[in-house]
Amino acid sequence: MKLRNPTGSIRRRLVAQLALIAALLSVAFFFTVRVVAEQAATDTQDNILAASATSIADAVYSESGVVRLELPYSAISMLSTISEDRVFYRVLVDGQTVTGYDDLPLPVARQPGRAVFETYPYRGDDLRSVLVSRALSVGNQARQVEVIVGQTRLGLAAISSKITATAVAIGVVFFIVATALSFLAAQNAMQPLDRLAASVARRGPNDLRPVTAATPAELVPLVGGLNSFMARLRSALTRSEDLIAEAAHRVRTPLATVRTQAEVIHRQMERPQNKKALREMIRAVDESSRSAGQLLDHAMVTFRSDQLETEDINAADLLRDVVDRLGPTAELKDISVHLTLPSGRCVVRGDMILLQNAVRNVLDNAIKYSPADTDIVVQLTNDGACRMAFMDQGRGFGEADLASLTQRFSRGANVDDVVGSGLGLTIADDVARAHGGALEITSNTEGAGACVTLVLPLA
Amino acid sequence: MRYLLVEDNQKLAKALCDRFALEGHVVDHVETLADADVSVRTVAYDMILLDIMLPDGDGREFLRGHRGKDDPTPVIVLTARSEVSDRVGLLDLGADDYITKPFDFSELQARVRAVMRRLGGTANNAKTYGDVVFDSTTGEVVVAGVTEQLRNREMRLLEVFFGAPGQIFSKTYLMDRLFSFSDDVSENAIEVYVGRLRRKLEPSQASIETVRGLGYRMVLSS
């Protein structure tokens, strides 16, 4: 039985959640790498700019009251080590441009003694600049020397975009790997559940033993519930079987007493009319015990048909067993049962108890309705299906009622003098159907009598 | 034949004992598995008839124990339970056969005979009358040195005559012995079987004689 509307899949949900987390982590990773890398690049540029500006400021000196500057080459060359970016500088003394580009803007907020970094557009590019100031004593006067060094950020942008690309690549790879791993993790986490489901699904319909497969702690309540349900089902089934068995016991034991006592008295009686009456009584007992037995059999067959306990059964062995079993019964009427078997094996899959019961009912019927000193042929053939034919030389069924014979309590039209309940063939028919087969009833093709064939699919 | 009947239902057991007595068999009856154990240890029985539901346990336990002891005494289980549920397993546990209550006594006898035959019979079951040797277990009769197999009804009929040679048995008595209660047969049916027996005994000194108005008896013709 399949549930038609499963509400979502734990596995899918688990994978989706883990993938979402991986995606978030990838994005966070990407931004972190970008910010940190850019910061590091900017810091590097700033340090070099500051060193360059400081070395220029240090190169400003005074000589006999005149401020002089010998621009150190290294101050510019150290900047060019970073990249091919353009470099601008401006040197001011007391706010007057001494040399360099005098349109390089001065930062708005200046703090003496501290380097001030700024970024602004300049001549079509972003410029990073630093202002370094220092006091220079000229004669007995203190003069304020300010140096601005700026550099475009093209190299930095290149580095930044390279880092961004790398960060994106790493993020994507991380996401893919993380998603794949989360899939594996989900698979792994679901494994105990899958195992449990498989071990439950593998069971036959009658396997009501508790589930003992190793279960993770989270599944213990579920398995516990399952086991207690199966225990209840098992006890209910056992109770039904016990009830049927008990009912049979209760009905049959007193009948056995009555029958045996009646036999004893019958033997001791002399008057024919008394004997006849007692005979009738014994037959009535037989009839009721047979009916009770077959009703209970029928109940048991119906009960078991819903949950077949199937196994591979060799049809020849089955027939041999039943023929052996009923041999003494047939012998009492000098009836010989001939069993003919095919050379090959004929294996069917079915419930042993039910099939035995069906075969016994059919053969028992044949013996009961056969006159003394006759033969019954039990023939097993294999023509793509397993066919067990029981041919007797009895009175047959009479043409009219062949189809109705397998109905409950239906008996042949010509059986008034034989004890029977009319359930035998019904039971056989039910069993055949439960096994995907059929019970065929025909008149015996060879001479008088009936031919009942139990057809079962091969295993 | 000496039987041990293990059956807790007293009325049924009493009736069965009476029934066995009619056939001239000795039956010891016990009601519990414990008593059955004691009886089996002290007396050598030809056959144990075992009920399955007993007050002090399941008859199947007894079967298991019985087979464990290597005791060759055959066991026929008398079961009153459902045909379907119980039967399988009884034979596996070592019962030689089983029969469902209520049963026709002649069927029980037929099963006892079949079990005896399968196990090779009791030591000396053959009876001799004149030059006829008859084994009621195998159904074989030796007439003038020639062994012949009797059919079941012939054999049971001859068994009656061998039980009391010379005694007159009425047709009604013989019919009761030969036919089951579900067989509807006329009085003449017995003549068919008597006729068959006569033909088989023809070469011997023994013959079945009609005693007009009374029945038949087996006598030796000199």
# chains A, B, ... in the order shown; residues from 1 in each chain; ligands from 1
$ interface_residues --of "chain B" --to "chain A" --cutoff "10 Å" --atoms "only C-alpha atoms" --output "VMD selection string"
chain B and resid 9 to 22 53 79 to 88 97 to 115 151 to 154 156 172 to 173 176 to 184
$ residues_around --residues "segment 155-168 of chain A" --least-positions-apart "6" --cutoff "8 Å" --atoms "only C-alpha atoms" --output "count of residues only"
12
$ select_by_dssp --residues "segment 30-201 of chain B" --states "strand (DSSP E)" --output "ChimeraX atom specification"
/B:30,47-51,53-54,57-58,75-79,97-100,126-129,132-135,140-143,146-149
$ atom_distance --atom1 "atom CA of Arg395 of chain A" --atom2 "atom CA of Ala448 of chain A"
6.9 Å
$ closest_residue --among "A:Leu18, A:Ala217, A:Leu71, A:Leu154" --to "Leu181 of chain A" --atoms "only C-alpha atoms"
A:Leu18
$ closest_residue --among "A:Val149, A:Asn140, A:Thr215, A:Ala428" --to "Ile76 of chain A" --atoms "only C-alpha atoms"
A:Val149
